[in-house]
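Chemist: This is the structure, below, for whatever I ask next.
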Amino acid sequence: QPPPRAPKISSHVGCTMADQPLDVTRGSEPSRITKLRWGILGASNIASDWCKALRDVEGAEVTAVAARSPERAAAWADAHGVPQRFSDYAELCSSDSVDIVYVSTISRLHKEHAMLALRHGKPVLVEKPLAPTAAEAREIVELARSKGLFLQEGMWTRFMPAVEKARALIAEGAIGTPTAVHADFGFNALSFEPDSGMFQPGPGSGGMLAVGCYVVQAAPMVFGTAPPVRIAAAGTVNASGGDL
């Protein structure tokens with residue numbers, strides 16, 4: 001059930017500004033290109049996708065990666081042509097060759113690694129979900145605000161051209177006042193190993209955090225960030241208790 005219509009908001013990292021239009025680029029080009037040297041925490045598959053995407057971004061360069069072991073970091077760095085590799089996450093975050101950090105570790109470690117980067121004075125992009133719980137997410141946001149640093153959850157669907165156009169139309173009132181949102185997201189779960197975090201119970205695991213956040217975020221995108229009036233949920237769990 002949607003909450004009462006809230007003021008239009010623009011959700012920026014570390015702050016929200018009321019009574020401002022939604023933050024929609026609408027294809028505008030930046031007037032100045034800023035070079036950013038990216039450091040990546042976590043030699044994951046999603047980090048590989050991010051590294052490949054950055055090749056098409058003018059001014060972006062991946063200069064370092066950190067992983068749990070020197071071997072894993074070296075293999076990932078060699079595969080992607082990244083010059084520096086670390087087996088200590090703090091070393092990457094303190095490196096002078098890194099301007100901004102992308103956290104692509106497993107979600108239960110997002111708070112630890114995001115706050116590590118922030119404490120070293122680095123702006124941070126965190127792979128979704130920002131954190132497994134709202135309490136952990138608040139801690140990260142509060143630290144970013146206290147340090148005046150950029151922090152963003154990597155909710156990439158917000159920046160798809162069709163979604164940006166929809167957000168612009170909503171902000172302009174082109175479709176009137178929205179009263180309902182229907183969202184779907186599906187993928188082939190058989191591509192995951194049975195013992196992967198996707199199918200295990202516990203914090204940071206399961207389908208809701210992995211992909212459910214894509215559809216949940218559609219509601220505040222349309223209705224604003226006022227607290228919902230009521231939340232109801234139904235789902236399925238596997239034999240291990242992991243949500244599907």
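Ligands are numbered from 1 in the order shown, residues from 1 within each chain, and chains are lettered A, B, ... in the order they appear in the structure tokens.
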Enumerate, as a VMD selection string, the complete set of residues in chain A that a backbone-based DSSP assignment places in strand (DSSP E or B).
Modeler: chain A and resid 9 to 12 15 to 18 36 to 41 60 to 66 84 to 86 100 to 103 124 to 127 151 to 154 237 243
Chemist: Considering only helix (DSSP H, G or I) as DSSP defines it on the backbone, what residues of region 36-98 of chain A qualify? List them as an NGL selection string.
Modeler: :A and (45-54 or 70-80 or 89-93)
Chemist: For Leu41 (chain A), which of A:Glu164, A:Leu116, A:Pro129, A:Phe187 is the closest residue, counting only C-alpha atoms?
Modeler: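 Closest residue, counting only C-alpha atoms: A:Leu116.
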Chemist: Measuring atom to atom with only C-alpha atoms, identify which of A:Glu139, A:Phe223, A:Glu71, A:Ala47 is nearest to Ala171 (chain A).
Modeler: A:Phe223
Chemist: Any chance you could tabulate, as CSV, the residues of region 25-70 of chain A at most 6 Å from region 86-109 of chain A with each one's nearest atom pair and distance in Å to one decimal, using only C-alpha atoms, in chain and rising number order?
Modeler:
residue,atom,partner,partner_atom,distance
A:Leu36,CA,A:Asp99,CA,6.0
A:Arg37,CA,A:Asp99,CA,5.1
A:Trp38,CA,A:Ile100,CA,5.1
A:Gly39,CA,A:Val101,CA,4.8
A:Ile40,CA,A:Tyr102,CA,4.9
A:Leu41,CA,A:Val103,CA,5.0
A:Gly42,CA,A:Thr105,CA,4.7
A:Ala47,CA,A:Ser104,CA,6.0
A:Ala66,CA,A:Phe86,CA,4.4
A:Ala67,CA,A:Ser87,CA,5.1
A:Arg68,CA,A:Ser87,CA,5.5
A:Ser69,CA,A:Ser87,CA,5.0
A:Pro70,CA,A:Ser87,CA,4.9
Chemist: What does the distance between CA of Glu153 (chain A) and CA of Ser205 (chain A) come to in Å, to one decimal place?
Modeler: 17.5 Å
Chemist: Counting only C-alpha atoms, which residue out of A:His110, A:Lys147, A:Arg167, A:Lys35 sits closest to Val62 (chain A)?
Modeler: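 Closest candidate: A:Lys35.
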Chemist: So that I can see what lies close to Met115 (chain A), please list as a short mmCIF file (atom, residue, chain, number, x, y, z; two decimals) with N, CA and C atoms, in the first residue's frame the residues with an atom at most 9 Å from it, counting only C-alpha atoms and leaving out residues fewer than 5 positions away in the same chain.
Modeler:
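File written: result_2.cif
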data_model
loop_
_atom_site.label_atom_id
_atom_site.label_comp_id
_atom_site.auth_asym_id
_atom_site.auth_seq_id
_atom_site.Cartn_x
_atom_site.Cartn_y
_atom_site.Cartn_z
N HIS A 110 29.70 -5.81 3.37
CA HIS A 110 29.60 -4.47 2.79
C HIS A 110 29.82 -3.37 3.81
N HIS A 120 39.31 5.90 5.44
CA HIS A 120 40.54 6.28 4.77
C HIS A 120 40.32 7.47 3.84
N VAL A 124 32.87 6.15 -1.96
CA VAL A 124 32.59 4.72 -2.09
C VAL A 124 31.33 4.47 -2.92
N GLU A 139 24.47 3.14 9.57
CA GLU A 139 25.83 3.39 10.06
C GLU A 139 26.75 3.85 8.94
N ILE A 140 26.63 3.21 7.79
CA ILE A 140 27.47 3.59 6.65
C ILE A 140 27.15 5.02 6.21
N LEU A 143 28.41 7.68 8.63
CA LEU A 143 29.85 7.90 8.54
C LEU A 143 30.18 8.74 7.30
N ALA A 144 29.54 8.42 6.17
CA ALA A 144 29.78 9.20 4.96
C ALA A 144 29.38 10.66 5.15
#
Chemist: For Val181 (chain A), please output as a PyMOL selection string all residues within 8 Å (counting only C-alpha atoms; exclusion window: fewer than 5 positions along the same chain).
Modeler: chain A and resi 218-219+222
Chemist: Take CA of Ala183 (chain A) and CA of Val216 (chain A) and report the distance between them in Å, one decimal.
Modeler: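 Going from CA of Ala183 (chain A) over to CA of Val216 (chain A), I get 8.0 Å.
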Chemist: Name the residues in contact with Ala79 (chain A) at a cut-off of 12 Å, using only C-alpha atoms, excluding same-chain residues fewer than 4 positions from it; report them as a list in words.
Modeler: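 The neighbour list is Ala43, Asn45, Ala47, Ser48, Cys51, Lys52, Val65, Arg72, Ala73, Ala74, Ala75, Pro83 and Arg85 of chain A.
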Chemist: Output N, CA and C atoms for every residue in that selection, as a tab-separated table (two decimals), in the first residue's frame.
Modeler:
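part_22.tsv was written with the following content:
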chain	number	residue	atom	x	y	z
A	43	ALA	N	37.51	-9.55	-5.71
A	43	ALA	CA	37.76	-10.02	-7.08
A	43	ALA	C	36.60	-10.91	-7.53
A	45	ASN	N	32.82	-11.78	-9.77
A	45	ASN	CA	32.33	-11.72	-11.15
A	45	ASN	C	31.70	-10.37	-11.44
A	47	ALA	N	32.51	-7.60	-10.12
A	47	ALA	CA	33.61	-6.64	-10.26
A	47	ALA	C	34.20	-6.71	-11.67
A	48	SER	N	34.22	-7.90	-12.25
A	48	SER	CA	34.70	-8.04	-13.63
A	48	SER	C	33.79	-7.27	-14.58
A	51	CYS	N	34.48	-3.55	-14.13
A	51	CYS	CA	35.76	-3.17	-14.73
A	51	CYS	C	35.61	-3.03	-16.25
A	52	LYS	N	34.90	-3.95	-16.87
A	52	LYS	CA	34.69	-3.88	-18.32
A	52	LYS	C	33.86	-2.66	-18.69
A	65	VAL	N	43.18	-3.62	-7.26
A	65	VAL	CA	42.18	-4.57	-6.79
A	65	VAL	C	42.72	-5.26	-5.54
A	72	ARG	N	44.56	-14.82	-5.67
A	72	ARG	CA	43.29	-14.42	-6.28
A	72	ARG	C	43.37	-12.98	-6.82
A	73	ALA	N	43.98	-12.10	-6.04
A	73	ALA	CA	44.12	-10.71	-6.48
A	73	ALA	C	44.97	-10.62	-7.74
A	74	ALA	N	46.07	-11.38	-7.77
A	74	ALA	CA	46.97	-11.34	-8.93
A	74	ALA	C	46.29	-11.89	-10.18
A	75	ALA	N	45.54	-12.98	-10.03
A	75	ALA	CA	44.87	-13.59	-11.18
A	75	ALA	C	43.83	-12.63	-11.76
A	83	PRO	N	47.09	-2.68	-12.71
A	83	PRO	CA	48.50	-2.68	-12.32
A	83	PRO	C	48.79	-3.05	-10.88
A	85	ARG	N	47.77	-4.83	-7.13
A	85	ARG	CA	46.94	-5.85	-6.51
A	85	ARG	C	47.35	-6.00	-5.05
Chemist: Please indicate the distance in Å from CA of Gly148 (chain A) to CA of Thr133 (chain A), rounded to one decimal place.
Modeler: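 Taking CA of Gly148 (chain A) as the start and CA of Thr133 (chain A) as the end point, the length is 22.7 Å.
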Chemist: Identify, on the basis of only C-alpha atoms, every residue whose closest approach to Ala233 (chain A) does not exceed 12 Å; exclude the query and any residue fewer than 5 positions from it along the same chain; express the result as a PDB file with N, CA and C atoms, in the first residue's frame.
Modeler:
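Wrote result-v9.pdb, looks like this:
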ATOM      1  N   GLN A   1       0.848  -1.185   0.000  1.00  0.00           N
ATOM      2  CA  GLN A   1       0.000   0.000   0.000  1.00  0.00           C
ATOM      3  C   GLN A   1       0.887   1.240   0.000  1.00  0.00           C
ATOM      4  N   MET A 208      16.178 -12.508  -1.715  1.00  0.00           N
ATOM      5  CA  MET A 208      15.666 -11.159  -1.495  1.00  0.00           C
ATOM      6  C   MET A 208      16.768 -10.113  -1.559  1.00  0.00           C
ATOM      7  N   GLY A 212      15.910  -9.338  -4.944  1.00  0.00           N
ATOM      8  CA  GLY A 212      14.657  -8.743  -4.500  1.00  0.00           C
ATOM      9  C   GLY A 212      14.734  -7.239  -4.348  1.00  0.00           C
ATOM     10  N   VAL A 216      11.992  -4.074  -4.938  1.00  0.00           N
ATOM     11  CA  VAL A 216      11.594  -3.289  -3.777  1.00  0.00           C
ATOM     12  C   VAL A 216      11.919  -1.811  -3.987  1.00  0.00           C
ATOM     13  N   ASP A 243      15.774 -18.168   1.364  1.00  0.00           N
ATOM     14  CA  ASP A 243      14.622 -17.676   0.624  1.00  0.00           C
ATOM     15  C   ASP A 243      14.894 -17.738  -0.873  1.00  0.00           C
TER      16      ASP A 243
END
